[in-house]
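Have a look at coords-v2.cif; it's mmCIF, C-alpha atoms:
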data_protein
loop_
_atom_site.label_atom_id
_atom_site.label_comp_id
_atom_site.auth_asym_id
_atom_site.auth_seq_id
_atom_site.Cartn_x
_atom_site.Cartn_y
_atom_site.Cartn_z
CA GLY A 1 -46.65 20.45 -33.12
CA ASP A 2 -48.67 17.23 -33.67
CA GLN A 3 -51.13 17.80 -30.87
CA MET A 4 -54.59 19.14 -31.70
CA ALA A 5 -56.60 21.31 -29.31
CA ASP A 6 -60.38 21.25 -29.81
CA TYR A 7 -62.86 24.00 -28.99
CA HIS A 8 -66.62 24.09 -29.49
CA LEU A 9 -68.96 27.06 -29.78
CA PRO A 10 -72.66 26.12 -29.43
CA GLY A 11 -74.85 27.07 -32.37
CA ALA A 12 -72.14 28.85 -34.33
CA PHE A 13 -68.86 27.08 -35.07
CA SER A 14 -66.12 25.05 -33.49
CA PHE A 15 -62.45 25.15 -34.32
CA SER A 16 -59.20 23.37 -33.70
CA THR A 17 -55.60 24.56 -33.86
CA LEU A 18 -52.97 22.22 -35.25
CA GLY A 19 -49.59 23.49 -34.20
CA SER A 20 -49.24 27.25 -34.69
CA SER A 21 -49.73 27.46 -38.46
CA SER A 22 -53.08 25.78 -39.17
CA MET A 23 -56.61 26.12 -37.89
CA LEU A 24 -59.88 24.23 -38.47
CA ILE A 25 -63.19 26.05 -38.07
CA GLU A 26 -66.48 24.18 -38.31
CA ILE A 27 -69.10 26.71 -39.37
CA GLU A 28 -72.24 25.20 -37.89
CA SER A 29 -74.54 27.74 -39.57
CA SER A 30 -73.72 28.35 -43.22
CA LYS A 31 -76.57 30.86 -43.45
CA ALA A 32 -75.19 32.92 -40.54
CA MET A 33 -71.75 33.00 -42.14
CA ALA A 34 -73.13 33.90 -45.58
CA HIS A 35 -75.21 36.70 -44.08
CA ALA A 36 -72.26 38.10 -42.10
CA VAL A 37 -70.07 38.09 -45.22
CA LYS A 38 -72.83 39.80 -47.22
CA VAL A 39 -73.12 42.59 -44.64
CA ALA A 40 -69.34 42.99 -44.37
CA SER A 41 -68.98 43.12 -48.16
CA ARG A 42 -71.13 46.25 -48.25
CA PHE A 43 -68.39 48.01 -46.25
CA CYS A 44 -65.67 46.97 -48.72
CA GLU A 45 -64.66 49.01 -51.76
CA LYS A 46 -64.13 47.00 -54.92
CA ARG A 47 -61.25 47.90 -57.23
CA SER A 48 -59.89 50.35 -54.67
CA ASN A 49 -56.41 51.88 -54.73
CA ARG A 50 -56.13 50.71 -51.12
CA PRO A 51 -55.87 46.88 -51.18
CA SER A 52 -57.04 46.56 -47.57
CA TRP A 53 -60.38 48.20 -48.47
CA GLU A 54 -61.25 45.18 -50.65
CA LEU A 55 -60.65 42.69 -47.84
CA ILE A 56 -62.48 41.13 -44.93
CA MET A 57 -60.35 40.09 -42.01
CA PHE A 58 -61.76 37.16 -40.01
CA GLU A 59 -60.54 36.97 -36.45
CA LEU A 60 -61.01 34.31 -33.78
CA SER A 61 -60.39 36.31 -30.62
CA PRO A 62 -59.90 35.37 -26.96
CA ASP A 63 -63.30 36.80 -25.99
CA GLY A 64 -64.95 33.85 -27.75
CA TYR A 65 -66.25 35.42 -30.95
CA LEU A 66 -65.57 35.17 -34.66
CA TYR A 67 -65.35 38.71 -36.04
CA ALA A 68 -65.37 40.10 -39.56
CA HIS A 69 -63.42 43.37 -39.87
CA CYS A 70 -63.41 45.76 -42.84
CA HIS A 71 -62.63 49.39 -43.73
CA ASN A 72 -63.32 51.94 -46.44
CA ALA A 73 -62.74 55.68 -46.87
CA ARG A 74 -65.93 56.58 -44.99
CA SER A 75 -66.54 53.78 -42.48
CA GLU A 76 -65.29 50.70 -40.66
CA LEU A 77 -66.97 47.55 -39.36
CA ARG A 78 -66.36 44.97 -36.63
CA LEU A 79 -69.13 42.40 -37.08
CA VAL A 80 -69.62 39.33 -34.94
CA VAL A 81 -70.91 36.16 -36.61
CA PRO A 82 -74.24 35.45 -34.84
CA GLY A 83 -74.70 32.65 -32.34
CA ASN A 84 -71.25 32.55 -30.76
CA GLY A 85 -70.66 30.68 -27.52
CA THR A 86 -67.89 30.80 -24.93
CA LEU A 87 -64.39 29.91 -26.06
CA THR A 88 -61.30 28.89 -24.09
CA PRO A 89 -58.93 31.88 -24.47
CA ILE A 90 -56.13 31.45 -27.00
CA ASP A 91 -53.87 33.75 -29.00
CA LYS A 92 -55.73 35.65 -31.70
CA GLN A 93 -56.08 33.80 -34.99
CA ARG A 94 -56.86 35.76 -38.16
CA PHE A 95 -56.88 35.56 -41.94
CA LEU A 96 -57.76 37.98 -44.74
CA MET A 97 -59.90 37.30 -47.81
CA ARG A 98 -61.10 39.34 -50.77
CA SER A 99 -64.73 40.14 -50.04
CA GLU A 100 -66.08 39.18 -53.48
CA LEU A 101 -64.28 35.84 -53.42
CA ILE A 102 -65.40 34.68 -49.97
CA ALA A 103 -68.94 35.98 -50.57
CA ASN A 104 -69.28 33.90 -53.76
CA VAL A 105 -67.98 30.75 -52.08
CA VAL A 106 -69.97 30.79 -48.83
CA GLY A 107 -73.04 32.01 -50.73
CA ALA A 108 -72.91 28.89 -52.90
CA CYS A 109 -73.21 26.53 -49.93
CA GLU A 110 -76.67 24.96 -49.57
CA GLU A 111 -75.64 22.67 -46.74
CA PRO A 112 -76.40 23.61 -43.11
CA SER A 113 -72.69 23.68 -42.18
CA MET A 114 -69.24 23.98 -43.71
CA LEU A 115 -65.61 23.56 -42.69
CA PHE A 116 -62.85 26.15 -42.92
CA SER A 117 -59.25 24.93 -42.92
CA VAL A 118 -56.80 27.81 -42.61
CA SER A 119 -53.06 27.47 -43.22
CA GLU A 120 -50.38 30.11 -43.59
CA SER A 121 -51.46 31.22 -47.08
CA THR A 122 -54.67 29.37 -47.99
CA LEU A 123 -58.25 28.94 -46.84
CA THR A 124 -59.92 25.67 -47.79
CA VAL A 125 -63.73 25.65 -47.62
CA ARG A 126 -65.44 22.22 -47.60
CA TRP A 127 -68.98 20.89 -47.47
CA ALA A 128 -70.66 17.67 -48.69
CA GLY A 129 -68.08 16.66 -51.28
CA THR A 130 -67.37 20.24 -52.41
CA GLU A 131 -64.00 21.89 -51.80
CA TYR A 132 -62.64 25.35 -52.61
CA GLU A 133 -59.03 26.33 -52.02
CA LEU A 134 -58.62 30.11 -51.76
CA ILE A 135 -55.48 32.22 -51.44
CA THR A 136 -55.47 34.43 -48.35
CA SER A 137 -54.03 37.94 -48.37
CA ASP A 138 -51.04 39.16 -46.40
CA VAL A 139 -51.47 42.96 -46.73
CA GLU A 140 -51.26 45.14 -43.65
CA PHE A 141 -54.66 45.34 -41.94
CA THR A 142 -55.67 47.06 -38.70
CA SER A 143 -58.36 45.55 -36.48
CA VAL A 144 -61.44 47.66 -35.81
CA GLU A 145 -61.67 48.65 -32.16
CA PRO A 146 -64.78 47.89 -30.06
CA PHE A 147 -67.39 50.55 -29.28
CA ASP A 148 -65.94 52.90 -26.64
CA CYS A 149 -68.36 55.85 -26.31
CA ARG A 150 -69.35 56.87 -22.78
CA SER A 151 -72.23 59.08 -23.99
CA TYR A 152 -74.74 57.58 -26.40
CA ALA A 153 -78.39 57.09 -27.23
CA MET A 154 -80.11 53.69 -27.09
CA LEU A 155 -82.77 52.91 -29.68
CA GLN A 156 -84.73 50.04 -31.15
CA PRO A 157 -82.77 49.15 -34.32
CA ARG A 158 -85.81 48.89 -36.61
CA ASP A 159 -87.27 52.19 -35.36
CA PHE A 160 -83.97 53.97 -35.95
CA LEU A 161 -83.49 52.47 -39.41
CA GLU A 162 -87.04 53.31 -40.49
CA THR A 163 -86.58 56.89 -39.25
CA ILE A 164 -83.33 57.37 -41.19
CA ARG A 165 -84.81 55.84 -44.36
CA ARG A 166 -87.83 58.11 -44.09
CA VAL A 167 -85.72 61.28 -44.39
CA ALA A 168 -82.73 60.13 -46.50
CA PHE A 169 -84.35 61.06 -49.83
CA CYS A 170 -84.57 64.71 -48.79
CA THR A 171 -80.85 65.53 -49.05
CA ASP A 172 -78.90 67.45 -51.65
CA ASP A 173 -76.85 65.51 -54.22
CA GLY A 174 -74.25 68.22 -54.60
CA GLY A 175 -74.34 71.78 -55.84
CA GLY A 176 -71.81 72.96 -53.25
CA LYS A 177 -74.27 72.93 -50.35
CA TYR A 178 -72.25 70.56 -48.19
CA ASN A 179 -74.47 71.11 -45.15
CA LEU A 180 -77.50 69.88 -47.13
CA ASP A 181 -76.02 66.49 -48.03
CA SER A 182 -76.44 65.06 -44.53
CA ILE A 183 -79.10 63.86 -42.14
CA TYR A 184 -79.07 65.64 -38.79
CA ALA A 185 -80.27 64.13 -35.51
CA ALA A 186 -80.75 65.69 -32.09
CA ILE A 187 -81.92 64.41 -28.71
CA ASP A 188 -85.08 66.09 -27.43
CA GLY A 189 -86.17 64.54 -24.12
CA ASP A 190 -87.12 60.93 -24.89
CA ASP A 191 -87.09 61.47 -28.66
CA LEU A 192 -84.45 61.32 -31.35
CA VAL A 193 -85.47 64.05 -33.82
CA VAL A 194 -84.13 63.50 -37.33
CA GLU A 195 -84.29 65.99 -40.20
CA ALA A 196 -82.92 66.69 -43.67
CA SER A 197 -83.29 69.26 -46.42
CA ASP A 198 -82.25 69.62 -50.05
CA GLY A 199 -83.03 73.33 -50.27
CA ARG A 200 -86.39 72.82 -52.04
CA SER A 201 -88.00 70.59 -49.45
CA ALA A 202 -87.40 69.51 -45.86
CA ILE A 203 -88.53 66.70 -43.58
CA ARG A 204 -88.50 66.08 -39.84
CA THR A 205 -89.54 62.97 -37.94
CA LYS A 206 -88.65 61.25 -34.69
CA CYS A 207 -88.45 57.98 -32.78
CA LYS A 208 -88.10 57.05 -29.11
CA CYS A 209 -84.68 56.75 -27.49
CA VAL A 210 -82.92 56.61 -24.14
CA LYS A 211 -80.11 59.12 -23.60
CA LEU A 212 -77.04 58.12 -21.59
CA GLY A 213 -74.44 60.77 -20.88
CA ASN A 214 -74.04 64.09 -22.64
CA ILE A 215 -74.80 63.20 -26.26
CA LYS A 216 -76.66 66.05 -28.00
CA GLY A 217 -76.91 64.95 -31.60
CA PHE A 218 -75.07 63.67 -34.64
CA GLU A 219 -74.80 63.89 -38.40
CA ILE A 220 -75.01 61.13 -41.02
CA PRO A 221 -73.76 62.00 -44.54
CA LYS A 222 -76.05 60.84 -47.34
CA ASP A 223 -73.34 58.70 -48.95
CA ALA A 224 -72.88 56.83 -45.64
CA VAL A 225 -76.54 55.87 -45.14
CA LYS A 226 -75.90 52.61 -47.02
CA TYR A 227 -73.37 51.57 -44.36
CA LEU A 228 -75.71 52.42 -41.52
CA ASP A 229 -78.50 50.58 -43.31
CA ALA A 230 -76.39 47.43 -43.69
CA PHE A 231 -75.20 47.46 -40.09
CA VAL A 232 -78.56 48.17 -38.42
CA ALA A 233 -80.44 45.73 -40.66
CA ALA A 234 -78.08 42.99 -39.45
CA SER A 235 -78.75 43.65 -35.77
CA PRO A 236 -80.83 41.16 -33.77
CA SER A 237 -84.35 42.46 -33.16
CA GLU A 238 -83.96 41.91 -29.40
CA SER A 239 -80.72 43.91 -29.24
CA MET A 240 -80.79 47.65 -28.49
CA LEU A 241 -78.74 49.86 -30.81
CA GLN A 242 -76.26 52.27 -29.22
CA VAL A 243 -75.33 55.45 -31.12
CA GLY A 244 -72.49 57.76 -30.07
CA PHE A 245 -70.93 60.75 -31.79
CA ASP A 246 -67.69 62.76 -31.89
CA ASP A 247 -65.95 63.26 -35.25
CA ARG A 248 -67.58 59.98 -36.27
CA VAL A 249 -70.91 58.26 -35.70
CA HIS A 250 -70.32 55.18 -33.53
CA LEU A 251 -72.83 52.32 -33.72
CA ARG A 252 -73.06 49.21 -31.61
CA HIS A 253 -75.39 46.25 -31.29
CA GLY A 254 -74.32 43.29 -29.19
CA ASN A 255 -70.57 42.89 -29.73
CA SER A 256 -70.62 44.39 -33.25
CA THR A 257 -69.37 47.92 -33.96
CA ALA A 258 -69.47 50.29 -36.94
CA ARG A 259 -68.10 53.81 -37.32
CA ILE A 260 -68.91 56.41 -39.96
CA LEU A 261 -66.76 59.48 -40.66
CA VAL A 262 -68.75 62.73 -40.90
CA ASP A 263 -68.08 66.05 -42.63
CA SER A 264 -69.27 68.17 -39.69
CA GLY A 265 -71.04 70.72 -41.82
CA LYS A 266 -73.09 73.40 -40.05
CA ARG A 267 -76.62 72.15 -39.39
CA PRO A 268 -79.13 74.21 -41.39
CA ASP A 269 -81.57 76.18 -39.23
CA LEU A 270 -84.93 74.63 -40.09
CA ASP A 271 -86.78 75.23 -36.83
CA ARG A 272 -88.66 78.26 -38.09
CA PHE A 273 -90.05 76.27 -41.01
CA PHE A 274 -91.35 73.30 -39.01
CA LYS A 275 -94.25 75.13 -37.44
CA ILE A 276 -97.77 74.07 -38.32
CA PRO A 277 -99.31 77.11 -39.99
CA ASP A 278 -102.74 78.54 -39.32
CA ALA A 279 -103.85 77.76 -42.85
CA ASN A 280 -106.25 75.87 -45.10
CA GLU A 281 -106.35 72.23 -43.99
CA VAL A 282 -107.07 69.16 -46.13
CA HIS A 283 -107.22 65.47 -45.15
CA VAL A 284 -106.68 62.70 -47.69
CA ASP A 285 -105.84 58.95 -47.71
CA SER A 286 -102.15 58.21 -48.38
CA SER A 287 -102.74 55.16 -50.60
CA GLU A 288 -105.31 56.92 -52.78
CA LEU A 289 -103.09 59.97 -53.12
CA LEU A 290 -99.99 57.90 -54.01
CA ALA A 291 -101.93 56.00 -56.69
CA ALA A 292 -103.08 59.30 -58.22
CA VAL A 293 -99.59 60.83 -58.08
CA ASN A 294 -98.11 57.72 -59.75
CA GLN A 295 -100.58 58.10 -62.62
CA ILE A 296 -99.77 61.77 -63.04
CA TYR A 297 -96.04 61.08 -62.82
CA SER A 298 -96.26 58.56 -65.68
CA LEU A 299 -97.64 61.33 -67.93
CA LEU A 300 -94.87 63.85 -67.25
CA ASP A 301 -91.63 64.35 -69.13
CA VAL A 302 -88.31 65.40 -67.66
CA GLU A 303 -88.76 69.07 -68.48
CA THR A 304 -92.24 69.45 -66.97
CA MET A 305 -92.28 67.79 -63.54
CA GLY A 306 -94.98 70.04 -62.10
CA CYS A 307 -98.16 68.54 -60.66
CA ARG A 308 -101.08 70.89 -60.13
CA ILE A 309 -103.14 70.32 -56.97
CA ASP A 310 -106.53 72.02 -56.70
CA VAL A 311 -108.90 71.62 -53.75
CA ASP A 312 -112.56 72.55 -53.91
CA ASN A 313 -114.32 71.61 -50.66
CA LEU A 314 -114.57 67.79 -50.68
CA THR A 315 -112.64 67.25 -53.92
CA MET A 316 -108.90 67.22 -54.66
CA LYS A 317 -107.82 67.32 -58.29
CA LEU A 318 -104.32 66.43 -59.50
CA SER A 319 -103.54 67.48 -63.05
CA ALA A 320 -100.73 67.52 -65.60
CA GLY A 321 -101.41 68.94 -69.03
CA LYS A 322 -104.88 67.82 -70.09
CA SER A 323 -105.01 64.87 -67.68
CA THR A 324 -106.84 65.18 -64.35
CA ILE A 325 -107.41 62.71 -61.50
CA THR A 326 -110.02 63.42 -58.84
CA LEU A 327 -109.88 62.26 -55.22
CA ASN A 328 -112.20 62.59 -52.26
CA CYS A 329 -110.86 64.67 -49.39
CA MET A 330 -112.00 66.48 -46.27
CA SER A 331 -111.76 70.25 -46.58
CA GLN A 332 -113.79 73.44 -46.33
CA TRP A 333 -111.58 75.51 -48.59
CA THR A 334 -110.86 76.26 -52.24
CA PHE A 335 -107.25 76.82 -53.31
CA GLY A 336 -104.45 75.36 -55.45
CA LEU A 337 -100.74 75.29 -56.26
CA THR A 338 -98.15 73.42 -58.35
CA ILE A 339 -95.38 71.29 -56.82
CA ASP A 340 -92.64 68.97 -58.07
CA CYS A 341 -94.35 65.65 -58.75
CA GLN A 342 -91.21 63.57 -58.27
CA ILE A 343 -90.55 64.98 -54.80
CA LEU A 344 -94.17 64.38 -53.74
CA ARG A 345 -94.10 60.85 -55.18
CA THR A 346 -90.87 59.97 -53.35
CA PHE A 347 -92.23 61.23 -50.05
CA LEU A 348 -95.54 59.38 -50.41
CA SER A 349 -93.74 56.14 -51.33
CA GLY A 350 -92.37 56.02 -47.77
CA THR A 351 -95.65 56.68 -45.98
CA PRO A 352 -97.68 53.86 -44.39
CA ALA A 353 -100.59 52.60 -46.49
CA ASN A 354 -104.10 53.87 -45.81
CA THR A 355 -102.87 56.59 -43.46
CA GLU A 356 -104.66 59.90 -43.11
CA ILE A 357 -102.40 62.68 -44.38
CA CYS A 358 -103.00 66.31 -43.54
CA PHE A 359 -102.11 69.10 -46.02
CA TYR A 360 -101.73 72.73 -44.95
CA PHE A 361 -101.97 75.24 -47.82
CA VAL A 362 -100.75 78.75 -46.99
CA GLY A 363 -100.38 80.21 -50.47
CA ASP A 364 -98.83 79.61 -53.88
CA THR A 365 -95.50 81.12 -52.76
CA ASP A 366 -95.32 79.47 -49.31
CA PRO A 367 -94.27 75.91 -48.43
CA LEU A 368 -96.88 73.17 -48.61
CA HIS A 369 -96.92 71.34 -45.26
CA ILE A 370 -97.77 67.62 -45.20
CA LEU A 371 -98.11 65.80 -41.87
CA TYR A 372 -98.85 62.30 -40.61
CA GLY A 373 -97.94 60.71 -37.28
CA GLU A 374 -94.59 62.12 -36.12
CA THR A 375 -93.54 63.15 -39.64
CA HIS A 376 -93.61 66.73 -40.95
CA PHE A 377 -92.71 67.32 -44.62
CA LEU A 378 -92.70 70.61 -46.46
CA VAL A 379 -92.02 71.47 -50.09
CA MET A 380 -91.85 74.78 -51.93
CA PRO A 381 -94.39 75.32 -54.74
CA MET A 382 -93.21 75.58 -58.35
CA GLN A 383 -93.72 78.94 -60.01
CA VAL A 384 -95.37 78.19 -63.35
CA LYS A 385 -95.54 80.88 -65.99
#
Structure rendered as structure tokens:
Amino acid sequence: GDQMADYHLPGAFSFSTLGSSSMLIEIESSKAMAHAVKVASRFCEKRSNRPSWELIMFELSPDGYLYAHCHNARSELRLVVPGNGTLTPIDKQRFLMRSELIANVVGACEEPSMLFSVSESTLTVRWAGTEYELITSDVEFTSVEPFDCRSYAMLQPRDFLETIRRVAFCTDDGGGKYNLDSIYAAIDGDDLVVEASDGRSAIRTKCKCVKLGNIKGFEIPKDAVKYLDAFVAASPSESMLQVGFDDRVHLRHGNSTARILVDSGKRPDLDRFFKIPDANEVHVDSSELLAAVNQIYSLLDVETMGCRIDVDNLTMKLSAGKSTITLNCMSQWTFGLTIDCQILRTFLSGTPANTEICFYFVGDTDPLHILYGETHFLVMPMQVK
């Protein structure tokens, strides 16, 4: 009971066990700990009717890693604190903390390292003359299991995250169309094709992936994108992201795992819409167009969100009321239509700067197609009386 066993993990933390009821953890990177707690906190639900959903469980496990576990109604997380080394196997050691409380404490540390002292009911956090004594929780909490999918896609984390962010705006916020409140992804050869629609507009884009096994595709509900965003953004740039799917989306980078529950709504059939039409074609610079749309948007009120677009050979005019902004473009045609300015503005805000965008005008009752790179966006015109 009086003997102390010491362990050291290079670049991350070291810890000691004193008897069976106390544990010392030297957090060698305060920034790594603060970042891990920040990511884990995004998976917690504050003021929940389920006490465990407000908690982060920290676990020192025999595989040599310090994990942060958390749950909510939609997702669960098993996040490894970066920089772990090899650890002599011992019995699992764990403690639970309210996410807000531990986030405030470790976020306040400006020193490079800190010390955790864990007893049966308290966590003491120390650094450079500062000490916090926190009460741990004893509610029932289930560990999050490691990634266990045999079929999955492998992607570059940043490519995947950028692809999801690019289409997330184009989902329905309600209205009973449950199959329009999700992002849908499918494997097509070496590409992950991602699409979404809100009923008025639709978008499809893709990124490179490697398929392992029999994975065909998956669904990500709009209200779960924030969890995916937090998890993928925390992944090391050199680590490939693994994505599997059954009744949940399974994500893995390194030894970290996240799962997101899906609604399994029927994927809307958008294939017939995403065909480049044989129509009037216009080329314009994305940055110039976004600047013009922002100016027009500032002049509109809530009830009149329509932006008129008129093309006359080498000139594109955007107008709202009596205000008109003129841009240079490349076209041989004369035509025009009115579309929702907010939708166009949101789409353009996610396009790369100074990129050539191609418009395809079919008619004032047909979708306007906008393309750049691997992205295809279409939006229905507004019928103005």
>> Once the PyMOL selection byres ((chain A and resi 335-347) around 6) is applied to the coordinates I shared, what remains selected? I want it as a PyMOL selection string.
In response: chain A and resi 305-311+334+348-350+364+381-382
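In terms of minimum interatomic distance to Lys222 (chain A), A:Leu180 ranks closest within A:Leu180, A:Cys44, A:Ala258, A:Val139, counting only C-alpha atoms.
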> Applied to the shown file, which residues does the PyMOL selection byres ((chain A and resi 189) around 10) return, written as a ChimeraX atom specification?
Replying inline: /A:186-188,190-193,208-211
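With all atoms listed in the file as the basis for measurement, A:Arg252 is the residue among A:Arg252, A:Arg78, A:Arg126, A:Lys206 that approaches Cys149 (chain A) most closely.
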Residues picked by the PyMOL selection byres ((chain A and resi 319) around 10) here, as an mmCIF file with C-alpha atoms, in the frame of the given file?
data_model
loop_
_atom_site.group_PDB
_atom_site.id
_atom_site.type_symbol
_atom_site.label_atom_id
_atom_site.label_comp_id
_atom_site.auth_asym_id
_atom_site.auth_seq_id
_atom_site.Cartn_x
_atom_site.Cartn_y
_atom_site.Cartn_z
ATOM 1 C CA ALA A 292 -103.080 59.300 -58.220
ATOM 2 C CA VAL A 293 -99.590 60.830 -58.080
ATOM 3 C CA GLN A 295 -100.580 58.100 -62.620
ATOM 4 C CA ILE A 296 -99.770 61.770 -63.040
ATOM 5 C CA TYR A 297 -96.040 61.080 -62.820
ATOM 6 C CA LEU A 299 -97.640 61.330 -67.930
ATOM 7 C CA GLY A 306 -94.980 70.040 -62.100
ATOM 8 C CA CYS A 307 -98.160 68.540 -60.660
ATOM 9 C CA ARG A 308 -101.080 70.890 -60.130
ATOM 10 C CA ILE A 309 -103.140 70.320 -56.970
ATOM 11 C CA ASP A 310 -106.530 72.020 -56.700
ATOM 12 C CA MET A 316 -108.900 67.220 -54.660
ATOM 13 C CA LYS A 317 -107.820 67.320 -58.290
ATOM 14 C CA LEU A 318 -104.320 66.430 -59.500
ATOM 15 C CA ALA A 320 -100.730 67.520 -65.600
ATOM 16 C CA GLY A 321 -101.410 68.940 -69.030
ATOM 17 C CA LYS A 322 -104.880 67.820 -70.090
ATOM 18 C CA SER A 323 -105.010 64.870 -67.680
ATOM 19 C CA THR A 324 -106.840 65.180 -64.350
ATOM 20 C CA ILE A 325 -107.410 62.710 -61.500
ATOM 21 C CA THR A 326 -110.020 63.420 -58.840
ATOM 22 C CA THR A 338 -98.150 73.420 -58.350
#
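Our summary of the geometry notes that CA of Ser41 (chain A) is positioned 9.8 Å from CA of Ala68 (chain A).
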> Just how far from CA of Glu140 (chain A) is CA of Met23 (chain A), in Å to one decimal?
Replying inline: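 CA of Glu140 (chain A) lies at a distance of 20.6 Å from CA of Met23 (chain A).
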Cut-off 12 Å: closest region 195-310 of chain A/region 355-360 of chain A atom pairs per residue, using only C-alpha atoms, as a tab-separated table:
residue	atom	partner	partner_atom	distance
A:Phe274	CA	A:Tyr360	CA	12.0
A:Lys275	CA	A:Tyr360	CA	10.9
A:Ile276	CA	A:Tyr360	CA	7.8
A:Pro277	CA	A:Tyr360	CA	7.0
A:Asp278	CA	A:Tyr360	CA	8.2
A:Ala279	CA	A:Tyr360	CA	5.8
A:Asn280	CA	A:Tyr360	CA	5.5
A:Glu281	CA	A:Tyr360	CA	4.7
A:Val282	CA	A:Phe359	CA	5.0
A:His283	CA	A:Cys358	CA	4.6
A:Val284	CA	A:Ile357	CA	5.4
A:Asp285	CA	A:Glu356	CA	4.8
A:Ser286	CA	A:Thr355	CA	5.2
A:Ser287	CA	A:Thr355	CA	7.3
A:Glu288	CA	A:Thr355	CA	9.6
A:Leu289	CA	A:Ile357	CA	9.2
A:Leu290	CA	A:Thr355	CA	11.0
A:Ile309	CA	A:Phe359	CA	11.1
A:Asp310	CA	A:Phe359	CA	11.9
> In Å, how far is it from CA of Val262 (chain A) to CA of Asp223 (chain A)?
Replying inline: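 Separation between CA of Val262 (chain A) and CA of Asp223 (chain A): 10.1 Å.
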>> Calculated over only C-alpha atoms, which of the candidates A:Asn72, A:Thr257, A:Ser61, A:Thr205 has the smallest distance to Thr351 (chain A)?
In response: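 Closest residue, counting only C-alpha atoms: A:Thr205.
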> In terms of the shortest atom-to-atom distance over only C-alpha atoms, which of A:Ala73, A:Arg259, A:Pro146, A:Val81 is closest to Leu60 (chain A)?
Replying inline: A:Val81
